[in-house]
Structures are given as structure tokens and as C-alpha cells.
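> First, the structure itself, so that you have it in front of you.
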Amino acid sequence: EDGFTDDDDDDDDDDKDTPPADPTVAIVEAMTHKEEGNAAFKGGDYTAAARSYRKGTTLLKPFNKNNTGDEQVKSLLLTLQTNLSMVCCKQDKHKLSRDVAAKALEIDPINVKALYRRAVAYRQLGDAESARSDLKEALKHEPNNKAVRKEMVSMKKEVETSRANEKERLQKAFGAKKGGSSFLYNDKEEEERRKAEEKKRQEVAEAEALKKRKIEWEDECVRRMSHNEDAISFEDWEKERKKEEEEEEQARKKASKEEEERRKAEQQAAKAAAKKNDVVVDDDDELTEKELAMMRGYKKTKDGRTTSY
């Protein structure tokens with residue numbers, strides 16, 4: 001059996017003819033059907049191609065019962081069945097394509113073309129695991145087979161797309177349970193949008209700053225040349241500018257530190273002077289005893305706390 005029934009083609013009469021008793025004659029006739037099938041396939045007549053391949057298969061099957069035929073019979077049978085599997089795929093008969101390829105694999109379990117044909121059929125039937133298994137087996141025997149590798153890549157992309165669609169479907173379902181779109185998903189989307197906008201603003205600001213610096217550099221070059229000095233490259237000018245900025249920053253920090261030390265020194269001096277007059281002065285601008293006495297409703301306790309009365 002090759003997986004076909006009478007319903008698969010309108011012209012089955014030739015398939016019911018008694019096969020020749022001589023295997024040599026059967027092989028010659030099967031070869032003729034194969035060539036006819038190839039010609040029909042190239043011409044786009046898949047029905048005629050399938051009929052020819054099936055006729056050739058029917059002629060040879062009696063000479064390979066229980067897979068005991070000679071190598072010439074087996075080789076031609078494999079070609080006819082893998083070609084027939086391909087035609088079935090073109091006709092969207094994917095179950096038949098799978099079954100015919102499986103019959104070919106009963107003759108040669110590691111035939112790469114048959115494994116490939118069955119994998120394609122499995123994929124079209126939605127059985128990704130079986131398709132992947134056949135493709136992996138085919139690659140073990142022909143690692144550089146372009147058709148097999150291409151099918152593996154296509155199937156991988158298909159699986160990734162399917163997973164992405166499933167993820168999106170679940171996210172929408174989760175959002176629907178919340179009475180709207182997913183909060184977490186929306187937050188993530190909003191965060192990504194915000195980051196993208198911030199990055200764009202930074203790029204615009206950096207571009208504007210660069211443009212401004214180049215204008216300043218050009219002015220500096222003009223000034224130098226007007227004083228009979230050599231012009232300077234933008235890179236060297238940038239280095240000088242950064243060096244000046246660093247020096248200015250260091251000078252600013254030094255001045256700030258000196259100012260802080262001066263302020264602390266003044267505070268220490270004020271504390272020392274106030275101590276002589278029994279006046280409390282601190283860093284936090286707390287009220288002095290005289291100021292507290294002037295405020296109605298407050299007094300200072302013996303332990304130094306301020307309380308109301």
C-alpha cells in the first residue's frame with residue numbers, strides 16, 4: 001500500500017493492470033512512468049505526475065515484498081515514492097504525503113529525502129515535534145543538506161512566531177480579566193517609550209552642544225590666524241576645552257571648600273565670643289535665651305529644654 005485510495009484520482013484503471021512477471025520489464029516500465037511523472041511535474045500538472053509516480057510504484061511493489069527486492073528495485077521505489085510525496089504536498093494532501101514518505105522509509109529508514117518529505121508533511125499538519133525529529137535525523141546523515149537546513153530554520157521561525165502570538169494572546173486574556181489591558185504590560189510599554197524619548201532628547205541635546213562647540217572652535221581658529229598663530233584641530237581644541245573645564249571645576253571646589261572652612265572658623269569665633277556673655281550660639285540657628293524670653297508663652301527649663309506654659 002502507498003497511502004492512496006480510489007478517491008485520490010479519477011483514473012485508476014491502469015493501476016489495476018497485472019504487473020509484469022519479469023522484474024526487468026517492470027523496472028523499464030517504472031522508469032518510463034517516472035520520466036513521465038517528472039515531465040508532468042515540471043509542466044505543473046500535479047495530477048498527471050501523481051498518477052505516473054503511482055503507476056511506477058504499483059509495478060515495483062510485487063518485487064520488494066517484505067523489503068527483499070534487489071537494490072535497483074529499492075532505489076527506484078524510493079525515488080518514485082519520495083517524488084509522489086512531494087506531489088501530494090503540492091496538492092495540499094499532507095496526510096498522504098506523510099504516509100507515502102513513511103512507506104519510503106520502510107525501505108530505507110535513513111533516506112534523507114524521505115525524512116525531509118515526511119518532515120515537511122508533519123509541519124503542514126501541525127506536528128512540529130515529529131517534523132523536528134525527522135529533520136534532526138536527516139542532518140545526522142547529511143549535515144550540509146541545504147533543503148533540510150532551510151526547512152529547519154523555517155520551522156524554528158514558525159515556532160518562535162507561534163510562541164510570540166501565544167504570549168500576546170495570554171497578555172490580552174490577562175488584561176481582559178482585569179477589565180482592560182494588562183497593567184504590568186502597559187507599565188513596561190510606557191517605561192520603554194519613556195526611555196526611548198529620553199534617549200532621543202539626549203541625542204538632540206548632544207547634537208546641539210556639538211554644533212555649538214564647533215562654532216566656538218571655528219571662532220578660535222579665526223582668532224588664532226588673525227594673530228599669525230596656527231589653527232588647531234577640533235580634537236585638540238576639545239581636549240584643551242575639557243582640560244580648562246576640569247581646572248575650573250577644581251578651582252570651584254577649592255573655593256567652595258575654603259568658603260566652608262572660613263564659615264566654620266567664624267562660627268567657632270562667634271561661639272567663643274558668645275560663651276563669654278553666656279549666650280548660646282549653634283549651627284542650627286536655634287533661638288537664643290534672650291530671643292526665647294521675648295516670645296510669649298515659651299520658657300526654657302533648667303535642663304535646657306524649651307517648653308510651653
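Residue numbering restarts at 1 for every chain of the C-alpha cells, chains are lettered A, B, ... in their displayed order, and ligands are numbered from 1 as they appear.
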From region 59-279 of chain A, collect each residue whose DSSP state is alpha helix (DSSP H) and return the set as a VMD selection string.

chain A and resid 59 to 60 71 to 90 94 to 107 112 to 124 128 to 141 146 to 177 183 to 226 234 to 276

> Within 8 Å of Asn67 (chain A), counting only C-alpha atoms, which residues qualify if same-chain residues fewer than 4 places away don't, as a PyMOL selection string?

chain A and resi 74+106-107

> Give one line per residue of region 17-37 of chain A that approaches region 81-97 of chain A to at most 12 Å, naming the two atoms of the closest pair and their distance in Å to one decimal, counting only C-alpha atoms; sort by chain then ascending residue number and deliver it as a tab-separated table.


residue	atom	partner	partner_atom	distance
A:Ala30	CA	A:Gln81	CA	11.8
A:His33	CA	A:Leu84	CA	11.7
A:Lys34	CA	A:Asn83	CA	8.9
A:Glu35	CA	A:Asn83	CA	11.1
A:Gly37	CA	A:Asn83	CA	8.7

> Mind dumping a table of every region 133-235 of chain A residue within 9 Å of region 110-114 of chain A, with the nearest atom pair and its distance in Å to one decimal, using only C-alpha atoms, sorted by chain and rising number, as a tab-separated table?


residue	atom	partner	partner_atom	distance
A:Asp134	CA	A:Val112	CA	8.9
A:Leu135	CA	A:Val112	CA	8.6
A:Glu137	CA	A:Ile110	CA	7.6
A:Ala138	CA	A:Val112	CA	5.0
A:Leu139	CA	A:Val112	CA	8.0
A:His141	CA	A:Val112	CA	7.2
A:Glu142	CA	A:Val112	CA	7.3
A:Asn145	CA	A:Val112	CA	8.8
A:Val148	CA	A:Val112	CA	8.5

> Mind giving me the straight-line distance from CA of Pro109 (chain A) to CA of Thr68 (chain A) in Å, one decimal?

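Here the two named atoms are 14.6 Å from each other.
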
> Taking only C-alpha atoms into account, name the residue in A:Glu216, A:Glu260, A:Glu166, A:Glu29 that is nearest to Arg241 (chain A).

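Of A:Glu216, A:Glu260, A:Glu166, A:Glu29, the one nearest Arg241 (chain A) is A:Glu216, counting only C-alpha atoms.
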
> Between A:Lys199, A:Leu59, A:Lys146, A:Ser52, which residue has the minimum interatomic distance to Asp22 (chain A), considering only C-alpha atoms?

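The answer is A:Leu59, which sits nearest to Asp22 (chain A).
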
> So which residues touch region 203-213 of chain A within 10 Å, counting only C-alpha atoms, skipping near sequence neighbours fewer than 4 positions away, as a PyMOL selection string?

chain A and resi 197-199+217-219+234+237-238+241

> Nearest residue to Thr24 (chain A) out of A:Ser233, A:Gln72, A:Gln124, A:Gln250, using only C-alpha atoms?

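Result for the nearest residue to Thr24 (chain A): A:Gln72.
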
> So the first atom is CA of Ala128 (chain A) and the second is CA of Lys150 (chain A); what is the distance between them in Å, to one decimal place?

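CA of Ala128 (chain A) sits 15.0 Å away from CA of Lys150 (chain A).
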